[in-house]
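Structure below is run32.cif: mmCIF, C-alpha atoms and all ligand atoms.
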```
data_structure
loop_
_atom_site.label_atom_id
_atom_site.label_comp_id
_atom_site.auth_asym_id
_atom_site.auth_seq_id
_atom_site.Cartn_x
_atom_site.Cartn_y
_atom_site.Cartn_z
CA MET I 1 28.89 -0.63 0.23
CA ILE I 2 32.48 -1.43 -0.59
CA ASN I 3 34.53 0.75 -2.94
CA GLN I 4 37.98 -0.62 -2.23
CA PRO I 5 39.63 -3.67 -3.86
CA ARG I 6 38.82 -6.86 -1.95
CA ASP I 7 41.45 -8.64 0.18
CA THR I 8 39.65 -11.97 -0.09
CA PRO I 9 37.73 -13.29 -3.12
CA LEU I 10 33.96 -13.73 -2.81
CA PRO I 11 32.62 -17.29 -2.50
CA HIS I 12 30.34 -18.66 -5.23
CA LEU I 13 27.24 -16.42 -5.46
CA ASP I 14 23.66 -17.30 -6.31
CA THR I 15 23.03 -14.19 -8.42
CA ILE I 16 25.07 -11.28 -9.75
CA ILE I 17 23.38 -8.15 -11.16
CA HIS I 18 25.71 -6.21 -13.49
CA ASP I 19 25.64 -2.58 -14.62
CA ALA I 20 23.02 -1.38 -12.15
CA SER I 21 22.25 2.29 -11.49
CA LEU I 22 21.54 3.05 -7.85
CA LEU I 23 19.73 5.95 -6.20
CA ASP I 24 22.12 8.42 -4.52
CA ARG I 25 25.22 6.82 -6.06
CA ASP I 26 26.88 7.77 -9.31
CA GLY I 27 28.15 5.25 -11.85
CA LEU I 28 27.28 1.63 -12.49
CA TRP I 29 27.42 -1.07 -9.83
CA THR I 30 27.61 -4.83 -9.49
CA ILE I 31 25.43 -6.48 -6.85
CA GLY I 32 26.24 -9.90 -5.41
CA ILE I 33 23.52 -12.05 -3.81
CA ARG I 34 23.95 -15.17 -1.72
CA GLU I 35 21.36 -17.11 0.31
CA GLY I 36 18.74 -14.40 -0.26
CA LYS I 37 20.91 -11.54 0.99
CA ILE I 38 22.92 -8.79 -0.69
CA VAL I 39 26.56 -9.66 0.12
CA ALA I 40 28.44 -7.21 -2.12
CA ILE I 41 27.91 -3.93 -3.96
CA ASP I 42 31.03 -2.83 -5.81
CA PRO I 43 31.81 -1.04 -9.06
CA ASP I 44 32.91 -4.50 -10.25
CA PHE I 45 34.20 -7.75 -8.79
CA ASP I 46 35.24 -11.22 -9.81
CA ALA I 47 33.10 -14.08 -8.59
CA THR I 48 31.34 -17.11 -9.96
CA SER I 49 27.55 -17.21 -9.77
CA THR I 50 24.67 -19.46 -10.69
CA ARG I 51 22.68 -16.63 -12.35
CA ARG I 52 23.61 -13.33 -13.96
CA ILE I 53 21.26 -10.43 -14.69
CA ASP I 54 22.39 -7.57 -16.91
CA ALA I 55 20.63 -4.41 -15.68
CA ARG I 56 21.93 -2.56 -18.77
CA GLY I 57 22.26 0.65 -16.76
CA GLY I 58 18.75 0.40 -15.29
CA LEU I 59 17.91 1.36 -11.75
CA VAL I 60 17.90 -1.31 -9.06
CA THR I 61 15.62 -0.47 -6.14
CA PRO I 62 14.08 -2.37 -3.24
CA SER I 63 10.75 -4.02 -4.08
CA PHE I 64 7.61 -1.88 -3.76
CA VAL I 65 5.27 -1.91 -0.77
CA ASP I 66 1.55 -1.13 -1.02
CA PRO I 67 0.37 -0.22 2.50
CA HIS I 68 -3.36 -0.04 1.77
CA PHE I 69 -5.29 -2.28 -0.58
CA HIS I 70 -8.58 -4.21 -0.55
CA LEU I 71 -7.62 -7.60 -1.97
CA ASP I 72 -10.91 -9.31 -1.06
CA LYS I 73 -12.89 -7.01 -3.38
CA VAL I 74 -10.68 -7.04 -6.49
CA LEU I 75 -12.41 -7.83 -9.78
CA SER I 76 -15.85 -7.83 -8.12
CA ARG I 77 -17.29 -4.94 -10.13
CA ASP I 78 -19.03 -7.24 -12.60
CA TYR I 79 -21.03 -8.77 -9.74
CA VAL I 80 -22.58 -5.37 -9.10
CA GLY I 81 -22.99 -3.76 -12.52
CA ALA I 82 -22.71 -0.11 -13.57
CA LEU I 83 -25.21 1.82 -11.45
CA SER I 84 -25.48 5.02 -9.46
CA TYR I 85 -23.27 5.01 -6.37
CA SER I 86 -26.09 4.48 -3.85
CA GLU I 87 -27.47 1.54 -5.85
CA ALA I 88 -23.96 0.17 -6.30
CA PHE I 89 -23.22 0.19 -2.56
CA ALA I 90 -26.45 -1.65 -1.76
CA ARG I 91 -25.79 -4.24 -4.48
CA ALA I 92 -22.16 -4.61 -3.42
CA ARG I 93 -23.34 -5.62 0.06
CA GLU I 94 -25.66 -8.18 -1.53
CA ALA I 95 -22.89 -9.48 -3.82
CA LYS I 96 -20.49 -9.74 -0.89
CA ALA I 97 -22.98 -11.90 0.99
CA HIS I 98 -22.63 -14.41 -1.88
CA PHE I 99 -18.81 -14.43 -1.99
CA THR I 100 -17.39 -17.92 -1.48
CA VAL I 101 -13.94 -18.77 -0.16
CA ALA I 102 -12.97 -20.21 -3.58
CA ASP I 103 -14.23 -17.14 -5.44
CA VAL I 104 -12.30 -14.75 -3.18
CA GLU I 105 -9.18 -16.91 -3.40
CA ALA I 106 -9.31 -16.97 -7.24
CA ARG I 107 -9.79 -13.20 -7.57
CA VAL I 108 -7.03 -12.43 -5.04
CA CYS I 109 -4.64 -14.80 -6.85
CA ALA I 110 -5.33 -12.97 -10.14
CA ALA I 111 -4.47 -9.67 -8.46
CA LEU I 112 -1.35 -11.06 -6.78
CA ASP I 113 -0.05 -12.39 -10.11
CA LEU I 114 -0.12 -8.82 -11.39
CA ALA I 115 1.32 -7.42 -8.14
CA VAL I 116 4.32 -9.77 -8.15
CA ALA I 117 4.96 -9.11 -11.85
CA GLN I 118 5.04 -5.34 -11.25
CA GLY I 119 7.51 -5.63 -8.36
CA LEU I 120 5.35 -5.46 -5.25
CA GLY I 121 7.11 -7.29 -2.43
CA ALA I 122 4.53 -6.57 0.27
CA ILE I 123 0.89 -5.50 0.55
CA ARG I 124 -1.09 -4.56 3.65
CA SER I 125 -4.63 -5.58 2.74
CA GLN I 126 -7.83 -4.48 4.40
CA VAL I 127 -10.26 -7.44 4.39
CA ASP I 128 -13.99 -7.04 5.14
CA VAL I 129 -15.15 -8.73 8.32
CA ASP I 130 -18.85 -7.94 8.73
CA PHE I 131 -22.44 -9.24 8.77
CA ALA I 132 -22.49 -9.69 4.97
CA THR I 133 -19.34 -11.76 4.39
CA GLY I 134 -18.67 -13.01 7.91
CA LEU I 135 -15.20 -14.58 7.81
CA VAL I 136 -15.54 -15.88 4.21
CA SER I 137 -13.50 -13.08 2.61
CA LEU I 138 -10.82 -13.48 5.26
CA GLU I 139 -10.59 -17.24 4.61
CA GLY I 140 -10.24 -16.62 0.86
CA VAL I 141 -7.45 -14.04 1.32
CA LEU I 142 -5.65 -16.33 3.79
CA ARG I 143 -5.67 -19.16 1.22
CA ALA I 144 -4.33 -16.89 -1.54
CA ARG I 145 -1.66 -15.58 0.84
CA GLU I 146 -0.49 -19.12 1.49
CA ARG I 147 -0.25 -19.82 -2.25
CA PHE I 148 1.91 -16.73 -2.78
CA SER I 149 4.03 -17.08 0.35
CA ASN I 150 7.24 -17.46 -1.68
CA SER I 151 6.70 -14.30 -3.72
CA ILE I 152 4.99 -11.61 -1.65
CA ASP I 153 4.26 -10.71 2.00
CA ILE I 154 0.62 -9.99 2.81
CA GLN I 155 -0.40 -8.27 6.06
CA ILE I 156 -4.13 -8.46 6.80
CA VAL I 157 -6.28 -5.82 8.51
CA ALA I 158 -9.66 -7.07 9.78
CA PHE I 159 -11.92 -4.31 8.44
CA PRO I 160 -15.53 -3.51 9.47
CA GLN I 161 -16.65 -2.10 6.11
CA GLU I 162 -20.29 -1.89 7.24
CA GLY I 163 -19.53 0.03 10.43
CA ILE I 164 -19.67 -0.88 14.11
CA VAL I 165 -22.83 0.80 15.45
CA THR I 166 -24.49 0.21 12.06
CA ASP I 167 -23.38 -3.45 12.07
CA PRO I 168 -23.84 -4.91 15.56
CA LYS I 169 -22.44 -8.26 14.39
CA ALA I 170 -19.08 -6.71 13.50
CA PRO I 171 -17.38 -6.49 16.95
CA ASP I 172 -17.71 -10.23 17.67
CA LEU I 173 -16.57 -11.13 14.15
CA LEU I 174 -13.54 -8.84 14.53
CA ARG I 175 -12.68 -10.53 17.85
CA GLU I 176 -12.96 -13.88 16.10
CA ALA I 177 -10.61 -12.72 13.31
CA LEU I 178 -8.04 -11.44 15.80
CA GLY I 179 -8.41 -14.71 17.69
CA MET I 180 -7.36 -16.46 14.46
CA GLY I 181 -4.05 -14.60 14.59
CA ILE I 182 -4.80 -11.46 12.54
CA ARG I 183 -2.52 -8.76 13.99
CA LEU I 184 -4.25 -5.62 12.65
CA ILE I 185 -7.72 -4.16 13.09
CA GLY I 186 -9.29 -1.48 10.87
CA GLY I 187 -12.21 0.93 11.11
CA LEU I 188 -14.47 3.29 9.17
CA PRO I 189 -15.87 5.77 11.71
CA GLU I 190 -17.17 8.28 9.13
CA PHE I 191 -19.66 5.61 8.00
CA GLU I 192 -21.65 6.00 11.26
CA GLN I 193 -24.77 8.16 11.46
CA SER I 194 -23.78 10.61 14.23
CA VAL I 195 -20.69 12.09 15.87
CA ASP I 196 -21.43 10.09 19.03
CA ASP I 197 -21.59 6.89 16.99
CA GLN I 198 -18.28 7.77 15.29
CA LYS I 199 -16.70 8.07 18.75
CA THR I 200 -18.25 4.76 19.83
CA HIS I 201 -16.88 3.16 16.64
CA ILE I 202 -13.30 4.32 17.33
CA LYS I 203 -13.54 3.45 21.04
CA THR I 204 -14.79 -0.08 20.25
CA ILE I 205 -11.96 -0.67 17.74
CA LEU I 206 -9.30 0.55 20.18
CA ASP I 207 -10.80 -1.60 22.98
CA ILE I 208 -10.56 -4.71 20.79
CA ALA I 209 -7.06 -3.76 19.61
CA GLN I 210 -5.81 -3.40 23.17
CA LYS I 211 -7.42 -6.66 24.28
CA PHE I 212 -5.61 -8.57 21.51
CA ASP I 213 -2.45 -6.42 21.51
CA ALA I 214 -3.15 -5.64 17.85
CA GLU I 215 -2.18 -2.57 15.84
CA VAL I 216 -4.80 -0.26 14.33
CA ASP I 217 -5.06 0.80 10.66
CA MET I 218 -8.22 2.88 10.26
CA HIS I 219 -9.96 4.66 7.38
CA CYS I 220 -10.57 8.26 8.51
CA ASP I 221 -12.61 10.89 6.69
CA TYR I 222 -12.82 9.43 3.17
CA THR I 223 -14.80 12.58 2.27
CA ASP I 224 -14.11 16.15 1.25
CA LEU I 225 -16.70 17.56 3.67
CA PRO I 226 -14.97 19.63 6.39
CA GLN I 227 -17.50 18.73 9.11
CA PHE I 228 -15.94 15.24 9.35
CA LYS I 229 -13.41 15.08 12.23
CA THR I 230 -12.75 11.37 12.80
CA LEU I 231 -8.99 11.74 12.20
CA GLU I 232 -8.73 14.19 15.09
CA MET I 233 -10.87 11.88 17.29
CA LEU I 234 -8.52 8.99 16.50
CA ALA I 235 -5.44 11.10 17.32
CA ASP I 236 -6.93 12.22 20.65
CA MET I 237 -7.92 8.69 21.71
CA THR I 238 -4.54 7.28 20.60
CA VAL I 239 -2.73 9.65 22.98
CA GLU I 240 -5.27 9.14 25.81
CA ARG I 241 -4.61 5.38 25.66
CA GLY I 242 -0.84 5.61 25.19
CA LEU I 243 -1.03 3.86 21.79
CA GLN I 244 1.48 6.19 20.12
CA GLY I 245 3.27 4.47 17.21
CA ARG I 246 0.67 1.67 16.96
CA VAL I 247 -1.93 3.45 14.85
CA THR I 248 -2.22 4.28 11.13
CA ALA I 249 -4.85 6.50 9.49
CA ASP I 250 -5.95 6.13 5.86
CA HIS I 251 -7.33 8.60 3.27
CA CYS I 252 -7.60 11.63 5.63
CA CYS I 253 -9.22 13.62 2.81
CA ALA I 254 -11.26 16.05 4.96
CA LEU I 255 -7.94 17.36 6.32
CA ALA I 256 -7.33 18.83 2.84
CA VAL I 257 -10.45 21.02 3.02
CA TYR I 258 -10.11 22.27 6.62
CA PRO I 259 -9.05 25.91 7.06
CA ASP I 260 -5.24 26.10 7.27
CA ASP I 261 -5.12 26.85 11.02
CA GLU I 262 -7.39 23.91 11.85
CA ALA I 263 -5.37 21.61 9.55
CA ALA I 264 -2.11 22.66 11.24
CA ARG I 265 -3.61 21.89 14.67
CA VAL I 266 -4.78 18.41 13.54
CA ILE I 267 -1.43 17.64 11.87
CA ASP I 268 0.33 18.47 15.15
CA LYS I 269 -2.00 16.03 16.95
CA ILE I 270 -1.19 13.32 14.35
CA LEU I 271 2.51 13.89 14.99
CA GLN I 272 2.08 13.74 18.77
CA ALA I 273 0.07 10.50 18.41
CA GLY I 274 2.80 8.93 16.25
CA ILE I 275 0.17 8.13 13.61
CA GLY I 276 1.36 7.13 10.12
CA VAL I 277 -0.83 8.42 7.28
CA ILE I 278 -1.61 6.55 4.06
CA ILE I 279 -2.99 8.55 1.17
CA LEU I 280 -4.90 6.82 -1.64
CA PRO I 281 -4.72 9.32 -4.49
CA ILE I 282 -5.81 7.10 -7.38
CA ALA I 283 -9.12 5.99 -5.90
CA ASN I 284 -9.75 9.37 -4.25
CA LEU I 285 -9.28 11.19 -7.55
CA GLN I 286 -12.16 9.21 -9.00
CA MET I 287 -14.43 9.30 -5.95
CA LEU I 288 -14.01 12.79 -4.49
CA GLY I 289 -14.12 16.43 -5.52
CA GLY I 290 -17.54 17.64 -6.60
CA ASP I 291 -20.89 15.88 -7.03
CA GLY I 292 -20.72 14.98 -10.69
CA THR I 293 -19.63 18.47 -11.72
CA THR I 294 -16.04 19.55 -12.42
CA PRO I 295 -14.06 18.63 -9.30
CA VAL I 296 -12.41 21.38 -7.28
CA ASN I 297 -10.63 19.57 -4.48
CA ARG I 298 -8.65 16.66 -5.95
CA GLY I 299 -9.20 14.21 -3.16
CA SER I 300 -5.72 13.94 -1.71
CA SER I 301 -4.81 14.72 1.86
CA ARG I 302 -2.31 17.42 2.84
CA ALA I 303 0.59 15.17 1.92
CA LYS I 304 3.26 17.86 1.72
CA GLU I 305 2.28 19.55 5.02
CA LEU I 306 2.20 16.14 6.77
CA LEU I 307 5.65 15.25 5.38
CA ALA I 308 7.05 18.66 6.35
CA ALA I 309 5.75 18.14 9.91
CA GLY I 310 7.62 14.83 10.15
CA VAL I 311 4.70 12.40 9.78
CA ASN I 312 5.43 9.14 7.93
CA VAL I 313 3.21 9.55 4.85
CA CYS I 314 2.79 6.58 2.49
CA ALA I 315 0.71 6.00 -0.65
CA GLY I 316 -1.43 2.99 -1.58
CA ALA I 317 -3.61 1.94 -4.50
CA ASP I 318 -6.76 0.99 -2.52
CA ASN I 319 -8.84 -0.88 -5.11
CA MET I 320 -8.90 -2.64 -8.46
CA TYR I 321 -12.03 -3.04 -10.58
CA ASP I 322 -14.60 -2.89 -7.78
CA ILE I 323 -17.29 -0.30 -7.03
CA TRP I 324 -14.78 2.05 -5.37
CA PHE I 325 -12.38 2.18 -8.30
CA ARG I 326 -12.99 0.86 -11.78
CA PHE I 327 -9.42 0.80 -13.14
CA ASN I 328 -5.95 -0.20 -11.82
CA ARG I 329 -3.42 -2.83 -12.83
CA MET I 330 -1.58 -3.30 -9.50
CA ASP I 331 1.36 -1.17 -10.65
CA PRO I 332 2.90 0.76 -7.72
CA VAL I 333 4.57 3.11 -10.22
CA ASP I 334 1.06 4.37 -11.08
CA THR I 335 0.49 5.06 -7.39
CA ALA I 336 3.74 7.02 -7.04
CA TYR I 337 3.12 8.92 -10.26
CA MET I 338 -0.46 9.83 -9.31
CA THR I 339 0.78 10.87 -5.88
CA CYS I 340 2.91 13.51 -7.62
CA LEU I 341 -0.07 14.77 -9.62
CA SER I 342 -2.67 14.78 -6.85
CA ALA I 343 -0.43 16.16 -4.09
CA GLY I 344 1.32 18.77 -6.24
CA MET I 345 4.76 17.16 -5.87
CA ARG I 346 6.78 18.79 -8.64
CA THR I 347 10.43 19.29 -7.71
CA ASP I 348 13.11 16.59 -8.08
CA ALA I 349 13.09 16.14 -4.29
CA GLU I 350 9.30 15.80 -4.22
CA VAL I 351 9.26 13.27 -7.08
CA ARG I 352 11.83 11.26 -5.15
CA GLU I 353 9.64 11.56 -2.03
CA ALA I 354 6.65 10.17 -3.97
CA PHE I 355 8.79 7.15 -4.93
CA GLU I 356 9.77 6.68 -1.26
CA MET I 357 6.04 6.78 -0.38
CA THR I 358 5.64 3.50 -2.28
CA THR I 359 8.92 1.93 -1.08
CA SER I 360 10.92 2.79 2.05
CA ARG I 361 8.22 4.75 3.89
CA PRO I 362 5.58 1.97 3.79
CA ALA I 363 8.34 -0.60 4.47
CA ASP I 364 9.00 1.28 7.69
CA LEU I 365 5.26 1.53 8.47
CA LEU I 366 4.77 -2.23 7.94
CA GLY I 367 7.85 -3.05 10.02
CA ILE I 368 9.65 -4.83 7.15
CA LYS I 369 13.15 -5.82 8.27
CA ASP I 370 16.42 -5.71 6.27
CA TYR I 371 14.83 -3.54 3.58
CA GLY I 372 16.94 -1.61 1.06
CA VAL I 373 19.77 -1.91 -1.44
CA ASN I 374 22.67 -2.29 0.97
CA VAL I 375 25.01 -5.11 1.95
CA GLY I 376 23.20 -7.26 4.52
CA CYS I 377 19.68 -6.41 3.25
CA SER I 378 17.28 -9.02 1.88
CA ALA I 379 17.66 -9.32 -1.90
CA ASP I 380 14.05 -8.20 -2.50
CA LEU I 381 14.77 -6.04 -5.50
CA VAL I 382 13.35 -4.60 -8.68
CA VAL I 383 15.57 -4.19 -11.75
CA HIS I 384 14.08 -1.41 -13.88
CA SER I 385 14.95 -0.57 -17.46
CA ALA I 386 14.66 3.15 -16.62
CA SER I 387 17.84 4.55 -15.10
CA ASN I 388 16.17 7.27 -13.00
CA ILE I 389 12.85 7.87 -11.24
CA VAL I 390 11.47 10.40 -13.72
CA ASP I 391 11.96 7.95 -16.61
CA LEU I 392 10.43 5.22 -14.44
CA PHE I 393 7.32 7.38 -13.89
CA ARG I 394 7.27 8.23 -17.63
CA ASN I 395 7.05 4.47 -18.11
CA VAL I 396 9.54 4.35 -20.99
CA PRO I 397 10.97 1.91 -21.70
CA ALA I 398 8.93 -0.45 -19.57
CA ARG I 399 10.89 -3.50 -18.52
CA ARG I 400 11.04 -4.69 -14.94
CA TYR I 401 12.39 -7.78 -13.16
CA HIS I 402 11.29 -8.62 -9.61
CA LEU I 403 13.62 -10.61 -7.38
CA ARG I 404 12.51 -12.10 -4.10
CA ARG I 405 15.38 -13.24 -1.84
CA GLY I 406 17.51 -13.14 -4.99
CA ILE I 407 15.20 -15.37 -7.06
CA LEU I 408 13.39 -14.00 -10.11
CA VAL I 409 9.65 -14.20 -9.28
CA GLY I 410 8.05 -11.98 -11.93
CA GLY I 411 8.50 -9.24 -14.46
CA VAL I 412 7.11 -6.92 -17.08
CA GLU I 413 8.13 -6.58 -20.72
CA GLY I 414 6.64 -3.64 -22.63
CA SER I 415 7.25 -2.87 -26.27
CA THR I 416 6.18 -0.36 -28.87
CA TRP I 417 6.49 -0.30 -32.65
CA THR I 418 5.70 1.94 -35.61
CA SER I 419 5.61 1.43 -39.35
CA ARG I 420 8.14 4.20 -40.02
ZN ZN U 501 -9.52 1.50 1.82
#
```

Could you render the structure as C-alpha cells?
Ligand SMILES: [Zn+2]
Amino acid sequence: MINQPRDTPLPHLDTIIHDASLLDRDGLWTIGIREGKIVAIDPDFDATSTRRIDARGGLVTPSFVDPHFHLDKVLSRDYVGALSYSEAFARAREAKAHFTVADVEARVCAALDLAVAQGLGAIRSQVDVDFATGLVSLEGVLRARERFSNSIDIQIVAFPQEGIVTDPKAPDLLREALGMGIRLIGGLPEFEQSVDDQKTHIKTILDIAQKFDAEVDMHCDYTDLPQFKTLEMLADMTVERGLQGRVTADHCCALAVYPDDEAARVIDKILQAGIGVIILPIANLQMLGGDGTTPVNRGSSRAKELLAAGVNVCAGADNMYDIWFRFNRMDPVDTAYMTCLSAGMRTDAEVREAFEMTTSRPADLLGIKDYGVNVGCSADLVVHSASNIVDLFRNVPARRYHLRRGILVGGVEGSTWTSR
C-alpha cells in the first residue's frame, strides 16, 4: 500500500475502483488494476483507465474460496425423490449409475453460474469415482471446468463415495483418475463396516496418494457418534508416513462429541500432522444432531478449539439440492454466516475469523498464489455494497460485483420495496 504522493504518474490502467472500504484500514481507498494485477492502492490518485467502478463506500475483499463442495451431485435431488434417508441413499446410487457426461456438465455449469455471480473465485470439488458412476462424473466436471476456466478455478478431488473395502472397483478407478492428472484423492473411511476396514480404507488411499505424489483431502467422521475415530487414524498414519502438510480432513463432527480430554489429544495430533480441517456447518446442521427429534449437538466440529491450537480451519458449503442437503444457493456468505451460528463465533474477532474461513484460510489450504487486496496481488476481488463484515452477513443491502483478474465476471443485485 502506498500512502505518500507519487513521484511518477501511473500508466493507463485497465480498471480503477473508487471509494472502497478495506478490512484493517480506515477511510476510503482507490484501487488501480493493470494486466490482472493490483498495481496501486492509495487514498486517491490521478490516472486514466478503461473502466471505473464506484464502490460507494462498500468493502472490497479478495474473492471467496469454497474448499469443499460436491459439484457432480448438484441439482440431482429430483432424480431421487423425497424419501427416508436409507431409501434415498440406495436410490441415489441407482441415479448416479445413470448420470451421463452431458447431464453432469449441465448441472455443474448451472451451479458455477451461481458461484461466479456470488463471488467465488475458487472451489475444491470432491467428485465421485466409484463402481456406480465410474469416470462419468469426473468427465462431466472436467468439461464444465474447461467452460468456466476464465471465471473460476476448480480443484478436483477423486472421491470414493461408496467406500474402498465396500467398493472393490474403487481403487483401480482412483488410480485411473490420478493417471488422468487429478492431483487430489479423497476418502470416506467411516463408511466401512469395521474398524479394521476403516484402517484399510485410509491405508489404501495413502498408498495411492504416495504412488502418484497426490495430496489427500478426506471425509472423516461425518457423524456425531463418539465411537468413530477415523480422524485420529488419519493423523497417526499421516505422521507415520511423513505426509505432514499434504493432508486435509473434512467434517470431523465426532470430534465435537468426544470428552474434552480426548478431543484435546486428537487436536494435538492434527496439529502435529499438519492437517488442515474443513468444517461443513450448513449441511451438517441439517444432517446431524438427533434422530428426528430435537437436535442436541449442532453438527459442527470443534472449530474454535482447532483454531486456538493453530490448525488451519476452513468452511465449505458441501452440497446443493442433492440428498445430502436440500437447499443452498452457492453463496459463500451463507457459509461464513452459518459458521458463526454453528460454531458459536460471537465476538467481532470471531465473526472476522468466520469470514477468513471462507477467504484467506482456504486460499492458503488450496495453495492459491498472489491472493489478497495488496499491491502485486491478482485482481480477483469482490466489491460488496456492505461496508463491513457484519452488514455483509446481515445481507443488507445485497449488491456484489465479482472481478477476475480485474475483469467483471458476475454479480448480484438485490432489492426490496414496500408500499409505504
Ligand atoms: Zn463432502

For ligand ZN 501 (chain U), the closest of I:Leu120, I:Ala263, I:Val104, I:Val157 counting only C-alpha atoms and all ligand atoms is I:Val157

From I:Glu146, I:Asp78, I:Asp217, I:Glu94, residue lying nearest ligand ZN 501 (chain U) [all atoms listed in the file]: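 Result for the nearest residue to ligand ZN 501 (chain U): I:Asp217.
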
Using only C-alpha atoms and all ligand atoms, which residues of the polymer chains come no farther than 12 Å from ligand ZN 501 (chain U)? I'd like the answer as a PyMOL selection string. chain I and resi 66-74+124-128+157-161+186-188+217-222+249-252+278-284+315-320+322-325

For CA of Ala47 (chain I) and CA of Ile16 (chain I), quote the distance in Å rounded to one decimal. 8.6 Å

Hey, can you check how far CA of Ala92 (chain I) sits from CA of Asp207 (chain I)? 28.9 Å

Excluding region 397-414 of chain I and residues on its chain fewer than 6 positions from it, collect all residues at most 6 Å away from it, counting all atoms listed in the file, and give them as a ChimeraX atom specification. /I:36,116-117,119,378-385
